[in-house]
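**Student:** Before I ask anything, let me first share the structure, which is written out below as structure tokens.
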Amino acid sequence: MTREAAAQILERIALLLELKGENPFKIRAYKTGAEVVESYAGDVMQLAIENKLAGIKGIGDALRDKLHEMATTGKLEFYENLRSEFPESLFELFEVQGLGPKKIAALYTELGVGSIADLKRVCESGEAARLSGFGGKTVVKILESIAFRSEHASEFRVDQVYGLAMDILEALRSHPAVSRAEVCGSFRRGKETVHDLDFLCSTRKPEEVIEYFVKLPMVEKVIAHGGTKASVYAPNGVQCDLRAVSAQEFPYALIYFTGSKEHNVELRQRALDQGWSLNEYAFTPVEGKESRPLPSVHDEAELYRSLGLDFIEPELRENIGEFEAAEKGQLPHLIQLENLRGVFHNHTTASDGMASLREMAEAARDLGMQYLGIADHSKSSFQANGLNETRLLAQIEEIREMNEEFEGHFRLFSGTEVDILKDGSLDFSDEILAQLDYCVASVHNVFNLPEAEMTQRIIRAIENPHVTMLGHVTGRLLLQRPSYAVNIPAIIDAAAETGTIIELNASAWRLDMDWRWWKLAKEKGVKCSINPDAHSTRGLQDVLFGIRSARKGWLTRKDVINCLPLGEVEKVLKKKRPD
DNA sequence: GCCGTTTTCGGCCCGACTGTTTTCAGTCG
């Protein structure tokens with residue numbers, strides 16, 4: 001059993017216990033246990049097999065035994081018994097905004113609601129509104145949330161498919177008859193969510209490769225299975241398609257299946273202008289039309305070159321200006337993961353992180369970073385164990401001492417993720433903020449302000465000279481919660497005017513600010529910080545998702561402050577400070 | 001269910017907002 005599966009079972013136990021009205025602290029223990037399993041730095045499942053989990057904080061005797069049972073037998077009897085009391089589809093109700101355990105329990109026991117479909121029915125029929133504690137507005141909110149969810153049905157966040165994509169790609173590349181293989185589609189274009197995974201490979205033996213693909217261990221169900229193409233479902237419901245083509249066809253097919261559709265339409269038009277027709281297999285001369293000799297194409301770059309274009313990176317293929325830039329040799333040299341020198345906005349056990357300051361520092365060093373910025377929550381974020389002034393000052397001191405120990409080989413920056421309060425004031429005074437190396441300001445509550453008020457609230461925070469950067473500007477949770485109402489161009493203008501950095505929150509749940517705004521921000525001279533918002537040592541690796549979005553937003557290493565080496569990045573952090 | 005140089009019981013994270021109420025329960029962060 002994988003750690004993800006084990007963590008999910010613990011999470012589900014917590015949900016089921018909530019429905020049964022169990023002791024909330026017991027429920028929290030299961031939730032904490034799930035987080036520990038998910039984010040533990042070592043091989044937690046191997047430890048579970050060997051029954052060596054004792055001593056890990058958050059895992060006591062009961063969870064240790066349950067994890068041992070899961071790791072060795074692949075099942076958990078306690079969980080099997082518990083889940084048999086409810087329909088499997090009940091879990092999806094927890095994803096509806098405005099529904100918690102109490103309301104779900106009421107819906108289930110009073111009306112027999114066991115799925116989203118049931119829920120929709122009783123909301124529309126008026127039955128739900130008659131339940132005690134429910135009313136017209138509750139029902140409207142529920143229906144809105146269901147609609148949002150169905151708009152994004154069968155979409156997945158990148159973190160939900162990334163491992164699967166890499167595993168399948170590796171499996172394909174390891175097959176002796178496969179010469180080249182790639183993931184295509186929106187995944188390759190760096191989209192924030194995807195609805196399926198498209199694989200392409202070149203081979204002389206397509207049937208053999210297709211046969212191999214549909215029998216891979218991660219295949220749950222085969223949907224279609226032909227000589228050059230197959231579609232399958234992975235266990236988490238992700239559809240994966242494979243196309244097998246010849247080596248000659250590969251570059252054409254790679255471009256075709258990478259898309260976007262809009263990009264391909266423009267590309268085919270440009271081919272037609274040369275007298276060539278372009279499809280997923282080749283250029284062919286258009287009949288009855290004067291044309292130059294067909295170019296020889298071995299890879300994507302040659303195909304673009306043959307049309308008078310520089311190579312267009314997959315992330316840029318949305319037909320939003322990349323052709324004009326490619327014609328003029330003005331495409332940006334996109335940022336790469338290797339360019340990052342450090343990261344800001346990370347949490348520790350001082351607030352709601354899973355790893356200590358030292359563990360986070362060591363993990364960042366192991367990843368080859370030169371510096372790590374700590375930004376734990378501020379006191380208003382009670383739920384996240386936010387730091388008050390006393391604890392923050394103590395952390396500053398702890399960081400100072402640790403930095404002496406590092407002797408300049410590595411540096412911790414002391415910061416905070418300070419709450420932007422309802423009126424735009426901050427959760428810490430300027431005197432306190434002045435003692436930090438930097439400050440991330442974020443909205444964590446009162447999401448329902450009218451747009452003008454929310455925008456003004458954030459701008460007021462940005463105008464504070466101690467606010468180095470703005471955290472997750474829209475508050476969205478991908479596929480779960482839409483952005484609050486906010487005028488992004490106005491925020492970008494204010495950031496440009498005040499010299500405030502805007503974060504690209506790299507958590508796969510957020511990817512916020514969205515890639516669609518970065519071109520504008522860049523034009524206005526606003527700098528970006530790619531921030532993992534890590535709550536564990538593993539969370540630091542989310543920068544990978546941030547890099548994908550930054551590339552999609554046309555950003556180069558010059559636009560992203562955490563590409564700067566130690567010795568230079570400090571100046572950027574100080575830029576807004578009065579002194 | 002977890003945790004403990006205040007150890008084996010008794011705490012455990014708290015406040016705002018919303019919509020339903022007529023004084024508060026449920027949800028969220």
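To be explicit about the labels: the chains of the structure tokens are called A, B, and onward in the order shown, and within each one the residues are counted from 1, while ligands get numbers from 1 in the order they are shown.
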Can you check which residues of chain B have any atom within 12 Å of chain A? Use only C-alpha atoms (C1' of nucleotides) and format it as a PyMOL selection string.

**Tutor:** chain B and resi 1-3+11-21+24-29

**Student:** Just list as a list of chain:residue names whatever in region 13-213 of chain A DSSP marks as strand (DSSP E or B).

**Tutor:**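 Matching residues, listed in order: A:Phe156, A:Arg157, A:Val178, A:Ser179, A:Arg180, A:Ala181, A:Glu182, A:Val183, A:Thr193, A:Val194, A:Asp196, A:Leu197, A:Asp198, A:Phe199, A:Leu200, A:Cys201, A:Ser202, A:Thr203.
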
**Student:** Using only C-alpha atoms (C1' of nucleotides), which residues sit within 9 Å of region 292-299 of chain A once same-chain residues fewer than 5 positions away are excluded, as a PyMOL selection string?

**Tutor:** chain A and resi 247-252+254+274-276+282-285+306

**Student:** May I have the residues from that selection written out with all heavy atoms, as a compact mmCIF listing (two decimals), in the first residue's frame?

**Tutor:**
```txt
# COMPACT_ATOMS: atom_id res chain seq x y z
N ALA A 247 8.70 7.03 -36.44
CA ALA A 247 9.69 8.05 -36.09
C ALA A 247 9.55 9.29 -36.97
O ALA A 247 9.71 10.41 -36.51
CB ALA A 247 11.10 7.47 -36.20
N GLN A 248 9.22 9.08 -38.25
CA GLN A 248 9.05 10.22 -39.16
C GLN A 248 7.87 11.08 -38.76
O GLN A 248 7.89 12.31 -38.87
CB GLN A 248 8.81 9.75 -40.61
CG GLN A 248 9.98 9.04 -41.28
CD GLN A 248 10.14 7.59 -40.79
OE1 GLN A 248 9.24 7.02 -40.17
NE2 GLN A 248 11.32 7.03 -41.04
N GLU A 249 6.81 10.43 -38.30
CA GLU A 249 5.59 11.16 -37.95
C GLU A 249 5.69 11.86 -36.59
O GLU A 249 4.93 12.78 -36.29
CB GLU A 249 4.40 10.19 -37.91
CG GLU A 249 4.03 9.62 -39.26
CD GLU A 249 3.14 8.39 -39.15
OE1 GLU A 249 3.08 7.76 -38.07
OE2 GLU A 249 2.48 8.05 -40.15
N PHE A 250 6.63 11.37 -35.77
CA PHE A 250 6.65 11.79 -34.36
C PHE A 250 6.61 13.31 -34.13
O PHE A 250 5.77 13.79 -33.37
CB PHE A 250 7.85 11.16 -33.64
CG PHE A 250 7.85 11.38 -32.16
CD1 PHE A 250 7.05 10.60 -31.33
CD2 PHE A 250 8.61 12.38 -31.58
CE1 PHE A 250 7.03 10.80 -29.96
CE2 PHE A 250 8.60 12.59 -30.21
CZ PHE A 250 7.81 11.79 -29.40
N PRO A 251 7.46 14.10 -34.78
CA PRO A 251 7.41 15.55 -34.50
C PRO A 251 6.08 16.19 -34.86
O PRO A 251 5.59 17.05 -34.13
CB PRO A 251 8.54 16.14 -35.33
CG PRO A 251 9.06 15.06 -36.20
CD PRO A 251 8.58 13.75 -35.68
N TYR A 252 5.49 15.75 -35.96
CA TYR A 252 4.19 16.29 -36.37
C TYR A 252 3.12 15.92 -35.33
O TYR A 252 2.31 16.76 -34.91
CB TYR A 252 3.78 15.74 -37.74
CG TYR A 252 4.73 16.09 -38.85
CD1 TYR A 252 5.77 15.23 -39.20
CD2 TYR A 252 4.60 17.29 -39.54
CE1 TYR A 252 6.65 15.55 -40.21
CE2 TYR A 252 5.48 17.63 -40.56
CZ TYR A 252 6.51 16.76 -40.90
OH TYR A 252 7.37 17.08 -41.90
N LEU A 254 3.62 15.06 -32.27
CA LEU A 254 3.91 15.68 -30.97
C LEU A 254 3.30 17.08 -30.90
O LEU A 254 2.67 17.45 -29.91
CB LEU A 254 5.42 15.73 -30.76
CG LEU A 254 5.92 16.23 -29.41
CD1 LEU A 254 5.30 15.45 -28.26
CD2 LEU A 254 7.44 16.15 -29.34
N GLN A 274 2.43 28.73 -47.01
CA GLN A 274 3.62 28.25 -47.72
C GLN A 274 3.25 27.27 -48.84
O GLN A 274 4.12 26.75 -49.52
CB GLN A 274 4.56 27.50 -46.76
CG GLN A 274 4.92 28.24 -45.48
CD GLN A 274 5.95 29.32 -45.73
OE1 GLN A 274 6.77 29.21 -46.64
NE2 GLN A 274 5.88 30.39 -44.95
N GLY A 275 1.95 26.96 -48.93
CA GLY A 275 1.52 25.98 -49.91
C GLY A 275 1.56 24.55 -49.40
O GLY A 275 1.54 23.61 -50.17
N TRP A 276 1.67 24.41 -48.04
CA TRP A 276 1.71 23.06 -47.48
C TRP A 276 0.49 22.85 -46.58
O TRP A 276 0.07 23.74 -45.86
CB TRP A 276 2.95 22.86 -46.59
CG TRP A 276 4.25 23.22 -47.23
CD1 TRP A 276 4.59 23.06 -48.55
CD2 TRP A 276 5.37 23.82 -46.59
NE1 TRP A 276 5.86 23.50 -48.76
CE2 TRP A 276 6.38 23.97 -47.58
CE3 TRP A 276 5.65 24.21 -45.27
CZ2 TRP A 276 7.62 24.52 -47.29
CZ3 TRP A 276 6.88 24.75 -44.99
CH2 TRP A 276 7.86 24.91 -45.99
N ALA A 282 2.28 14.71 -41.22
CA ALA A 282 3.25 15.23 -42.19
C ALA A 282 2.80 16.56 -42.78
O ALA A 282 1.65 16.98 -42.59
CB ALA A 282 3.41 14.22 -43.33
N PHE A 283 3.72 17.19 -43.49
CA PHE A 283 3.37 18.24 -44.46
C PHE A 283 3.04 17.56 -45.77
O PHE A 283 3.71 16.59 -46.15
CB PHE A 283 4.58 19.15 -44.73
CG PHE A 283 4.86 20.18 -43.68
CD1 PHE A 283 6.13 20.27 -43.11
CD2 PHE A 283 3.88 21.08 -43.29
CE1 PHE A 283 6.42 21.25 -42.15
CE2 PHE A 283 4.17 22.06 -42.34
CZ PHE A 283 5.43 22.13 -41.77
N THR A 284 2.03 18.05 -46.48
CA THR A 284 1.80 17.58 -47.86
C THR A 284 1.54 18.81 -48.72
O THR A 284 0.95 19.79 -48.23
CB THR A 284 0.59 16.63 -47.95
OG1 THR A 284 -0.50 17.21 -47.21
CG2 THR A 284 0.90 15.26 -47.40
N PRO A 285 2.00 18.78 -49.98
CA PRO A 285 1.77 19.94 -50.84
C PRO A 285 0.28 20.10 -51.13
O PRO A 285 -0.42 19.11 -51.30
CB PRO A 285 2.54 19.62 -52.13
CG PRO A 285 3.01 18.22 -52.00
CD PRO A 285 2.70 17.68 -50.66
N SER A 306 10.85 25.62 -40.17
CA SER A 306 10.43 25.54 -41.57
C SER A 306 9.32 26.54 -41.87
O SER A 306 9.07 26.88 -43.01
CB SER A 306 9.97 24.12 -41.90
OG SER A 306 8.76 23.85 -41.25
```

**Student:** Please indicate the distance in Å from CA of Ala550 (chain A) to CA of Leu334 (chain A), rounded to one decimal place.

**Tutor:** 8.2 Å

**Student:** Could you jot down the CA of Lys558 (chain A) to CA of Ile491 (chain A) separation for me, Å, one decimal place?

**Tutor:**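 Answer for the CA of Lys558 (chain A) to CA of Ile491 (chain A) separation: 21.2 Å.
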
**Student:** Just give me the gap between CA of Leu15 (chain A) and CA of Pro532 (chain A) in Å, one decimal is fine.

**Tutor:**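 CA of Leu15 (chain A) sits 27.5 Å away from CA of Pro532 (chain A).
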